[in-house]
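Text of protein.tsv, listed as TSV, C-alpha atoms and all ligand atoms:
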```
chain	number	residue	atom	x	y	z
A	1	MET	CA	-33.45	26.87	-37.43
A	2	THR	CA	-30.06	25.34	-37.17
A	3	SER	CA	-29.62	21.70	-38.01
A	4	PRO	CA	-29.38	19.41	-34.99
A	5	GLY	CA	-26.37	17.83	-36.68
A	6	GLN	CA	-24.24	20.92	-36.17
A	7	GLY	CA	-22.86	19.98	-32.78
A	8	GLY	CA	-19.66	18.62	-34.28
A	9	MET	CA	-20.42	14.97	-33.48
A	10	VAL	CA	-20.47	12.39	-36.28
A	11	ALA	CA	-23.43	9.98	-36.02
A	12	GLY	CA	-22.48	6.79	-34.18
A	13	THR	CA	-19.05	8.07	-33.12
A	14	PRO	CA	-19.37	10.11	-29.96
A	15	ALA	CA	-16.42	12.46	-29.50
A	16	THR	CA	-15.97	11.39	-25.87
A	17	SER	CA	-16.82	8.38	-23.69
A	18	PRO	CA	-19.65	8.69	-21.10
A	19	ALA	CA	-17.02	8.95	-18.35
A	20	SER	CA	-15.14	11.74	-20.07
A	21	HIS	CA	-18.52	13.41	-20.73
A	22	ARG	CA	-19.05	13.50	-16.98
A	23	SER	CA	-15.63	14.96	-16.26
A	24	LEU	CA	-16.03	17.45	-19.10
A	25	GLY	CA	-19.45	18.41	-17.71
A	26	THR	CA	-17.98	18.90	-14.25
A	27	ALA	CA	-15.12	20.99	-15.63
A	28	ALA	CA	-17.58	23.07	-17.71
A	29	SER	CA	-19.84	23.82	-14.76
A	30	LEU	CA	-16.84	24.63	-12.56
A	31	LEU	CA	-15.57	27.03	-15.22
A	32	ALA	CA	-19.05	28.55	-15.59
A	33	THR	CA	-19.30	28.99	-11.81
A	34	LEU	CA	-15.90	30.71	-11.71
A	35	LEU	CA	-16.71	32.97	-14.67
A	36	CYS	CA	-20.31	33.62	-13.79
A	37	PRO	CA	-20.92	32.71	-10.15
A	38	ARG	CA	-24.72	33.10	-10.20
A	39	HIS	CA	-25.37	30.78	-13.18
A	40	ASP	CA	-24.43	27.22	-13.95
A	41	ALA	CA	-23.55	26.12	-17.49
A	42	ALA	CA	-27.19	25.32	-18.34
A	43	THR	CA	-28.50	28.79	-17.47
A	44	ILE	CA	-25.93	31.06	-19.12
A	45	ARG	CA	-27.87	33.75	-20.97
A	46	PRO	CA	-27.02	35.04	-24.45
A	47	ARG	CA	-25.17	38.36	-24.54
A	48	HIS	CA	-27.79	40.95	-25.56
A	49	ASP	CA	-26.70	44.41	-26.82
A	50	VAL	CA	-29.66	45.97	-24.96
A	51	PRO	CA	-32.75	44.47	-23.28
A	52	PRO	CA	-34.78	42.69	-26.00
A	53	PRO	CA	-38.28	43.72	-27.14
A	54	PRO	CA	-41.39	41.78	-25.97
A	55	GLY	CA	-41.71	38.30	-27.46
A	56	TRP	CA	-37.95	37.82	-27.90
A	57	PRO	CA	-36.76	34.18	-27.41
A	58	GLU	CA	-34.57	33.57	-24.36
A	59	ASP	CA	-31.85	31.64	-26.17
A	60	VAL	CA	-31.04	34.20	-28.89
A	61	ALA	CA	-28.89	37.31	-28.37
A	62	PHE	CA	-30.71	40.54	-29.21
A	63	LEU	CA	-28.60	42.86	-31.37
A	64	VAL	CA	-28.81	46.53	-32.26
A	65	ARG	CA	-25.58	46.25	-34.26
A	66	PRO	CA	-24.42	43.40	-36.49
A	67	ARG	CA	-21.52	41.36	-35.11
A	68	LEU	CA	-18.55	40.16	-37.12
A	69	ALA	CA	-18.13	36.39	-36.84
A	70	PRO	CA	-15.05	35.27	-34.89
A	71	GLY	CA	-12.22	34.72	-37.35
A	72	PHE	CA	-13.78	36.93	-40.04
A	73	PRO	CA	-10.85	37.37	-42.50
A	74	PRO	CA	-9.55	40.95	-42.14
A	75	GLU	CA	-8.82	41.01	-45.88
A	76	LEU	CA	-12.58	40.87	-46.48
A	77	VAL	CA	-13.57	43.73	-44.14
A	78	PRO	CA	-13.19	46.39	-46.89
A	79	LEU	CA	-15.92	44.61	-48.84
A	80	LEU	CA	-18.35	45.45	-46.05
A	81	LEU	CA	-17.48	49.15	-46.03
A	82	ALA	CA	-18.84	52.00	-48.11
A	83	ALA	CA	-15.46	53.00	-49.52
A	84	SER	CA	-14.82	49.51	-50.86
A	85	PRO	CA	-12.49	50.21	-53.83
A	86	SER	CA	-14.12	47.83	-56.27
A	87	SER	CA	-11.42	48.19	-58.87
A	88	SER	CA	-8.39	47.74	-56.58
A	89	PRO	CA	-6.39	44.59	-57.10
A	90	ALA	CA	-6.84	41.93	-54.42
A	91	SER	CA	-3.18	42.14	-53.43
A	92	SER	CA	-3.59	45.70	-52.20
A	93	PHE	CA	-6.37	44.58	-49.84
A	94	ALA	CA	-4.21	41.85	-48.41
A	95	SER	CA	-1.17	44.08	-48.00
A	96	SER	CA	-3.21	46.75	-46.20
A	97	PHE	CA	-3.69	44.24	-43.36
A	98	SER	CA	-0.23	42.69	-43.45
A	99	SER	CA	1.40	44.72	-40.67
A	100	SER	CA	0.22	46.27	-37.42
A	101	ALA	CA	1.36	49.68	-38.72
A	102	SER	CA	-0.91	49.47	-41.75
A	103	ALA	CA	-3.69	47.78	-39.76
A	104	SER	CA	-4.01	50.91	-37.61
A	105	SER	CA	-4.90	52.90	-40.74
A	106	SER	CA	-7.24	50.19	-42.05
A	107	PRO	CA	-10.92	51.00	-42.39
A	108	ARG	CA	-12.94	49.85	-39.39
A	109	TYR	CA	-16.21	47.98	-39.40
A	110	ALA	CA	-18.17	50.11	-36.93
A	111	PRO	CA	-21.93	50.03	-37.61
A	112	ARG	CA	-24.10	52.44	-35.64
A	113	PRO	CA	-26.85	51.04	-33.41
A	114	THR	CA	-30.31	50.39	-34.87
A	115	PRO	CA	-32.93	50.23	-32.12
A	116	HIS	CA	-35.98	47.98	-32.42
A	117	PRO	CA	-38.47	49.93	-34.64
A	118	ALA	CA	-41.74	50.96	-32.97
A	119	THR	CA	-43.60	50.07	-36.19
A	120	VAL	CA	-43.31	46.29	-35.76
A	121	ALA	CA	-43.94	43.71	-33.04
A	122	ILE	CA	-42.89	40.09	-32.54
A	123	LYS	CA	-45.95	37.82	-32.17
A	124	ARG	CA	-46.65	34.12	-31.80
A	125	VAL	CA	-48.37	32.59	-34.83
A	126	SER	CA	-51.68	31.51	-33.30
A	127	THR	CA	-53.67	30.72	-36.47
A	128	PRO	CA	-53.67	26.90	-36.83
A	129	ALA	CA	-53.83	27.13	-40.65
A	130	HIS	CA	-50.62	29.20	-40.76
A	131	PRO	CA	-47.72	26.96	-41.90
A	132	ALA	CA	-45.50	28.42	-39.16
A	133	HIS	CA	-48.15	27.89	-36.44
A	134	GLY	CA	-46.55	27.93	-32.99
A	135	GLN	CA	-43.50	29.84	-34.23
A	136	ARG	CA	-43.05	33.61	-34.22
A	137	CYS	CA	-43.78	36.25	-36.85
A	138	LEU	CA	-43.38	39.99	-37.37
A	139	VAL	CA	-46.52	42.17	-37.40
A	140	ALA	CA	-47.01	45.85	-38.33
A	141	ARG	CA	-48.11	47.92	-35.29
A	142	LYS	CA	-49.20	50.74	-37.62
A	143	ARG	CA	-49.48	51.21	-41.36
A	144	ILE	CA	-46.13	50.99	-43.13
A	145	ALA	CA	-46.03	53.05	-46.32
A	146	PRO	CA	-45.12	51.63	-49.74
A	147	GLY	CA	-41.37	51.67	-50.26
A	148	GLU	CA	-40.59	52.26	-46.58
A	149	LEU	CA	-37.68	50.56	-44.83
A	150	VAL	CA	-39.36	48.16	-42.36
A	151	ILE	CA	-36.29	46.96	-40.48
A	152	PRO	CA	-32.64	46.11	-41.17
A	153	TYR	CA	-31.78	42.41	-40.80
A	154	LEU	CA	-29.10	42.15	-38.13
A	155	GLY	CA	-27.09	39.08	-37.27
A	156	VAL	CA	-23.60	37.63	-37.35
A	157	VAL	CA	-21.79	38.75	-40.50
A	158	HIS	CA	-19.63	35.92	-41.77
A	159	ALA	CA	-17.49	34.98	-44.75
A	160	ASP	CA	-17.44	31.57	-46.37
A	161	VAL	CA	-14.40	30.76	-48.47
A	162	GLU	CA	-14.67	27.84	-50.89
A	163	GLY	CA	-13.29	24.63	-49.44
A	164	ARG	CA	-13.62	25.70	-45.80
A	165	PRO	CA	-16.51	24.30	-43.73
A	166	SER	CA	-19.19	26.84	-42.79
A	167	PRO	CA	-21.12	26.68	-39.51
A	168	HIS	CA	-23.88	28.67	-41.24
A	169	ALA	CA	-24.60	26.20	-44.04
A	170	GLU	CA	-27.66	24.67	-42.33
A	171	SER	CA	-29.07	27.86	-40.80
A	172	ASP	CA	-32.61	28.92	-41.71
A	173	TYR	CA	-31.73	32.49	-40.67
A	174	ASP	CA	-28.78	32.99	-43.02
A	175	LEU	CA	-28.98	35.47	-45.90
A	176	SER	CA	-26.40	36.16	-48.59
A	177	LEU	CA	-24.92	39.67	-48.78
A	178	LEU	CA	-22.29	39.35	-51.49
A	179	ARG	CA	-20.81	36.62	-53.63
A	180	LEU	CA	-17.43	36.89	-55.33
A	181	SER	CA	-16.11	34.55	-57.98
A	182	GLY	CA	-12.51	33.41	-57.78
A	183	ALA	CA	-11.73	35.75	-60.70
A	184	ASP	CA	-13.26	38.89	-59.14
A	185	PRO	CA	-10.55	41.59	-58.73
A	186	ARG	CA	-11.94	42.39	-55.25
A	187	ASN	CA	-11.41	38.82	-54.11
A	188	PRO	CA	-8.30	38.48	-51.90
A	189	PHE	CA	-8.49	34.66	-52.24
A	190	PRO	CA	-7.87	34.28	-55.99
A	191	GLY	CA	-9.38	31.17	-57.52
A	192	LEU	CA	-11.71	30.55	-54.58
A	193	HIS	CA	-15.36	31.48	-54.44
A	194	VAL	CA	-16.11	33.78	-51.46
A	195	SER	CA	-19.49	34.62	-50.06
A	196	LEU	CA	-20.45	37.06	-47.31
A	197	GLY	CA	-23.64	36.45	-45.37
A	198	VAL	CA	-25.57	37.46	-42.28
A	199	ASP	CA	-26.89	34.75	-39.97
A	200	ALA	CA	-29.45	35.58	-37.28
A	201	ALA	CA	-29.79	32.02	-35.92
A	202	GLY	CA	-28.03	32.71	-32.60
A	203	ALA	CA	-28.01	36.51	-32.55
A	204	GLY	CA	-30.14	39.03	-34.39
A	205	ASN	CA	-33.02	41.49	-34.26
A	206	ALA	CA	-36.76	41.24	-34.94
A	207	ALA	CA	-36.17	40.91	-38.70
A	208	ARG	CA	-35.28	37.26	-38.06
A	209	PHE	CA	-39.02	36.60	-37.54
A	210	VAL	CA	-40.10	37.63	-41.05
A	211	ASN	CA	-41.85	34.62	-42.56
A	212	ASP	CA	-42.32	33.61	-46.21
A	213	TYR	CA	-45.71	34.44	-47.78
A	214	ARG	CA	-46.33	30.90	-49.13
A	215	GLY	CA	-49.38	29.37	-47.47
A	216	VAL	CA	-50.09	32.63	-45.62
A	217	ALA	CA	-51.08	35.26	-48.21
A	218	ALA	CA	-51.50	35.60	-51.96
A	219	ARG	CA	-48.30	37.62	-52.28
A	220	PRO	CA	-45.51	39.12	-50.21
A	221	ASN	CA	-45.92	42.66	-48.86
A	222	ALA	CA	-42.18	43.16	-48.27
A	223	GLU	CA	-38.83	42.10	-49.70
A	224	PHE	CA	-35.23	41.57	-48.68
A	225	ARG	CA	-32.81	44.06	-50.23
A	226	VAL	CA	-29.09	44.52	-49.78
A	227	GLY	CA	-28.44	48.08	-48.56
A	228	ARG	CA	-26.13	50.10	-46.37
A	229	GLY	CA	-26.37	51.21	-42.75
A	230	ASP	CA	-25.67	54.71	-41.42
A	231	ALA	CA	-21.94	53.98	-41.19
A	232	GLY	CA	-21.92	52.73	-44.78
A	233	GLU	CA	-21.75	49.05	-43.87
A	234	LEU	CA	-23.20	46.47	-46.24
A	235	ARG	CA	-26.32	44.95	-44.70
A	236	MET	CA	-29.58	43.18	-45.46
A	237	GLU	CA	-32.83	45.12	-45.09
A	238	VAL	CA	-36.58	44.45	-45.22
A	239	TRP	CA	-38.54	46.97	-47.35
A	240	ALA	CA	-42.31	47.36	-47.82
A	241	LEU	CA	-43.54	46.63	-51.35
A	242	LYS	CA	-45.84	48.88	-53.36
A	243	ALA	CA	-49.10	48.11	-51.52
A	244	GLY	CA	-47.56	48.96	-48.15
A	245	ILE	CA	-48.35	46.94	-45.02
A	246	ALA	CA	-51.62	47.50	-43.14
A	247	LYS	CA	-51.68	47.86	-39.37
A	248	GLY	CA	-51.99	44.38	-37.84
A	249	ASP	CA	-50.78	42.56	-40.97
A	250	GLU	CA	-47.91	40.11	-40.86
A	251	VAL	CA	-44.76	41.25	-42.67
A	252	LEU	CA	-44.20	38.62	-45.37
A	253	VAL	CA	-41.40	38.27	-47.91
A	254	SER	CA	-40.52	35.67	-50.51
A	255	TYR	CA	-37.55	33.55	-49.45
A	256	GLY	CA	-37.30	32.51	-53.10
A	257	LYS	CA	-37.91	29.18	-54.79
A	258	GLY	CA	-34.25	28.28	-54.32
A	259	TRP	CA	-34.54	28.58	-50.53
A	260	TRP	CA	-37.48	26.18	-50.42
A	261	GLY	CA	-36.01	23.95	-53.14
A	262	ALA	CA	-32.95	23.35	-50.95
A	263	ARG	CA	-35.18	22.27	-48.05
A	264	VAL	CA	-37.89	20.11	-49.66
A	265	GLY	CA	-37.47	16.35	-49.76
B	1	LIG	C1	-36.19	33.06	-40.75
B	1	LIG	S1	-37.22	31.94	-39.88
B	1	LIG	C2	-38.70	32.87	-39.73
B	1	LIG	C3	-39.12	33.02	-38.30
B	1	LIG	C4	-39.63	31.77	-37.63
B	1	LIG	N1	-41.08	31.63	-37.89
B	1	LIG	C5	-39.37	31.80	-36.14
B	1	LIG	O1	-40.28	31.83	-35.32
B	1	LIG	O2	-38.18	31.83	-35.76
B	1	LIG	C6	-37.52	30.74	-41.14
B	1	LIG	C7	-38.34	29.59	-40.66
B	1	LIG	O3	-39.69	30.00	-40.46
B	1	LIG	C8	-40.59	28.99	-40.93
B	1	LIG	N2	-41.38	29.56	-42.02
B	1	LIG	C9	-41.34	30.81	-42.47
B	1	LIG	N3	-42.23	31.01	-43.46
B	1	LIG	C10	-42.85	29.84	-43.64
B	1	LIG	C11	-43.88	29.40	-44.55
B	1	LIG	N4	-44.45	30.20	-45.43
B	1	LIG	N5	-44.25	28.10	-44.46
B	1	LIG	C12	-43.69	27.27	-43.58
B	1	LIG	N6	-42.73	27.63	-42.70
B	1	LIG	C13	-42.32	28.90	-42.73
B	1	LIG	C14	-39.75	27.83	-41.36
B	1	LIG	O4	-39.65	26.96	-40.25
B	1	LIG	C15	-38.42	28.46	-41.65
B	1	LIG	O5	-37.38	27.55	-41.48
```

Take the structure in the file and give it back as C-alpha cells.
Amino acid sequence: MTSPGQGGMVAGTPATSPASHRSLGTAASLLATLLCPRHDAATIRPRHDVPPPPGWPEDVAFLVRPRLAPGFPPELVPLLLAASPSSSPASSFASSFSSSASASSSPRYAPRPTPHPATVAIKRVSTPAHPAHGQRCLVARKRIAPGELVIPYLGVVHADVEGRPSPHAESDYDLSLLRLSGADPRNPFPGLHVSLGVDAAGAGNAARFVNDYRGVAARPNAEFRVGRGDAGELRMEVWALKAGIAKGDEVLVSYGKGWWGARVG
C-alpha cells in the first residue's frame, strides 16, 4: 500500500488555498468531462489491458504486460533486455540513444502478453486470525507442482537513480529487479547508484496479492525470483518451492526480514 503522504503536499503547508482548490476542482472536472464525457473526475477508471479476473480491485489497472514508467531513462532500457551487453562501457549505451537515427535501431522493450493463469484465484482473506484479514490473497485453484512457475509479477517497471526522488519508495508492492553500483560498467550514470524495480501498487496482475508467510503458515510455499519473459525482458516471477502448492492453499512467499524491518516501528 502506498503511503498516504505521497500526494505531494507537505504537512501543514497546503499547496493551494481552499478557493484555488475549488477552481482547480472545477477545471479538473471540466477537463474530465471533455476528455471522458460519461465520467466525472471521481469516477475515472484505471486503464486495464484486458478485463480483470474476478476479485480484482476497482482502483488498480489490470496488466497482462509490464509498463515502463513515464520518464524511464532510455539509457537504461538495454538493461531490461535479453541481449544486454554486460561488458560494454556505459558510454556506448548512452550514445546508442543520442540521436533519432540511432534510436530507430535501438533495442525495444516489447514484452509479450501474459494472461491471468487459470491455476490461481484472487480471494478475500476471511480468516480472522490471518494477519492480512480483510485484504486479498492468492490461492491455488489446483495443485501446483514443485518448481513450477506460478505467475510472473507484473507492474510498472521503473528506475531509481541516486539523488532523485522516487515515487515508489513507500510502495508495499515494489520489488527490486536489478541494482547497479556507480562503478558498474553497465551503469550509464557513473558514480550514481541505480536500481530497477517493478511496482504493482497502481497497476499489476494477480501476483500483487501474494502475501508473506509470517503469521499464516510455518514456511513459504513459493518464492520471488528474477527471471525473463518470452521476449527476453527482465522480470520478477513467483515460483513454487519444493513441496509444491496444494489445491486451495494460499500462495505464500517470504518478503524477507529486510522488508519487514523497514516497516516495523
Ligand atoms: C504485496 S501486498 C500483498 C497483498 C495484500 N494482502 C492486498 O490485499 O493487496 C503487501 C501487503 O500485504 C499485507 N501482508 C502481506 N503478508 C502479510 C503478513 N504475513 N502479515 C501481515 N500483513 C501482510 C501487508 O499489509 C503488506 O503491506

query: Got a sec to check which residues sit within 9 Å of (-24.0, 51.4, -38.2), counting only C-alpha atoms, and write them as a list in words?
result: Arg65, Pro66, Tyr109, Ala110, Pro111, Arg112, Pro113, Thr114, Arg228, Gly229, Asp230, Ala231, Gly232 and Glu233 of chain A

Counting only C-alpha atoms, which residues have an atom no more than 7 Å from (-10.3, 39.1, -51.8) in the file's coordinates? Please list them as a PDB file with C-alpha atoms, keeping the file's coordinate frame.
```pdb
ATOM      1  CA  GLU A  75      -8.820  41.010 -45.880  1.00  0.00           C
ATOM      2  CA  LEU A  76     -12.580  40.870 -46.480  1.00  0.00           C
ATOM      3  CA  ALA A  90      -6.840  41.930 -54.420  1.00  0.00           C
ATOM      4  CA  ARG A 186     -11.940  42.390 -55.250  1.00  0.00           C
ATOM      5  CA  ASN A 187     -11.410  38.820 -54.110  1.00  0.00           C
ATOM      6  CA  PRO A 188      -8.300  38.480 -51.900  1.00  0.00           C
ATOM      7  CA  PHE A 189      -8.490  34.660 -52.240  1.00  0.00           C
ATOM      8  CA  PRO A 190      -7.870  34.280 -55.990  1.00  0.00           C
TER       9      PRO A 190
END
```

query: Any idea what the distance is between atom CA of A:Trp56 and atom CA of A:Pro146?
result: 26.8 Å

From A:Val210, A:Leu180, A:Ala129, A:Leu138, residue lying nearest ligand LIG 1 (chain B) [all atoms listed in the file]: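 Once distances to ligand LIG 1 (chain B) are computed over all atoms listed in the file, the minimum belongs to A:Val210.
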
task: Select the residues contacting ligand LIG 1 (chain B) at a distance of at most 7 Å, based on all atoms listed in the file, then format the selection as number ranges by chain.
output: A: 1, 131-132, 135-137, 172-173, 208-216

Go ahead and dump the residues you just picked, C-alpha atoms, as a short mmCIF file (atom, residue, chain, number, x, y, z; two decimals), in the coordinates of the input.
```
data_model
loop_
_atom_site.label_atom_id
_atom_site.label_comp_id
_atom_site.auth_asym_id
_atom_site.auth_seq_id
_atom_site.Cartn_x
_atom_site.Cartn_y
_atom_site.Cartn_z
CA MET A 1 -33.45 26.87 -37.43
CA PRO A 131 -47.72 26.96 -41.90
CA ALA A 132 -45.50 28.42 -39.16
CA GLN A 135 -43.50 29.84 -34.23
CA ARG A 136 -43.05 33.61 -34.22
CA CYS A 137 -43.78 36.25 -36.85
CA ASP A 172 -32.61 28.92 -41.71
CA TYR A 173 -31.73 32.49 -40.67
CA ARG A 208 -35.28 37.26 -38.06
CA PHE A 209 -39.02 36.60 -37.54
CA VAL A 210 -40.10 37.63 -41.05
CA ASN A 211 -41.85 34.62 -42.56
CA ASP A 212 -42.32 33.61 -46.21
CA TYR A 213 -45.71 34.44 -47.78
CA ARG A 214 -46.33 30.90 -49.13
CA GLY A 215 -49.38 29.37 -47.47
CA VAL A 216 -50.09 32.63 -45.62
#
```

Report as a PDB file with C-alpha atoms, in the frame of the given file all protein, DNA and RNA residues lying within 8 Å of A:Gly248, evaluated on all atoms listed in the file, omitting residues in the same chain fewer than 5 positions from it.
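Contents of part.pdb, freshly written:
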```pdb
ATOM      1  CA  VAL A 139     -46.520  42.170 -37.400  1.00  0.00           C
ATOM      2  CA  ALA A 140     -47.010  45.850 -38.330  1.00  0.00           C
ATOM      3  CA  ARG A 141     -48.110  47.920 -35.290  1.00  0.00           C
ATOM      4  CA  LYS A 142     -49.200  50.740 -37.620  1.00  0.00           C
TER       5      LYS A 142
END
```

message: When you count all atoms listed in the file, which of these residues is closest to A:Glu58: A:Arg219, A:Arg235, A:His168, A:Arg45?
response: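 Looking at the shortest contact to A:Glu58, the residue is A:Arg45.
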
message: So the first atom is atom CA of A:Ile44 and the second is atom CA of A:Val64; what is the distance between them in Å, to one decimal place?
response: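 Atom CA of A:Ile44 sits 20.5 Å away from atom CA of A:Val64.
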
task: Point out the residue among A:Asp49, A:Phe62, A:Gly244, A:Ala69 with the least atom-to-atom distance to A:Pro167, counting only C-alpha atoms.
output: A:Ala69

query: Skipping near chain neighbours, those fewer than 3 positions away, what residues fall within 7 Å of A:Ala145 using all atoms listed in the file, listed as an NGL selection string?
result: :A and (148 or 240 or 244-245)

- prompt: Nearest to A:Arg225 among A:Pro74, A:Gly134, A:Trp259, A:Leu177, with distances taken over only C-alpha atoms: which residue is it?
  reply: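 The answer is A:Leu177, which sits nearest to A:Arg225.
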
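In terms of minimum interatomic distance to A:Val194, A:Pro73 ranks closest within A:Pro128, A:Pro115, A:Gly55, A:Pro73, counting only C-alpha atoms.
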
Length of the atom CA of A:Pro107 to atom CA of A:Ala82 vector [Å]: 9.8 Å

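With all atoms listed in the file as the atoms that count, the residue of A:Gly197, A:Glu250, A:Glu223, A:Ala203 with the shortest distance to A:Thr127 is A:Glu250.
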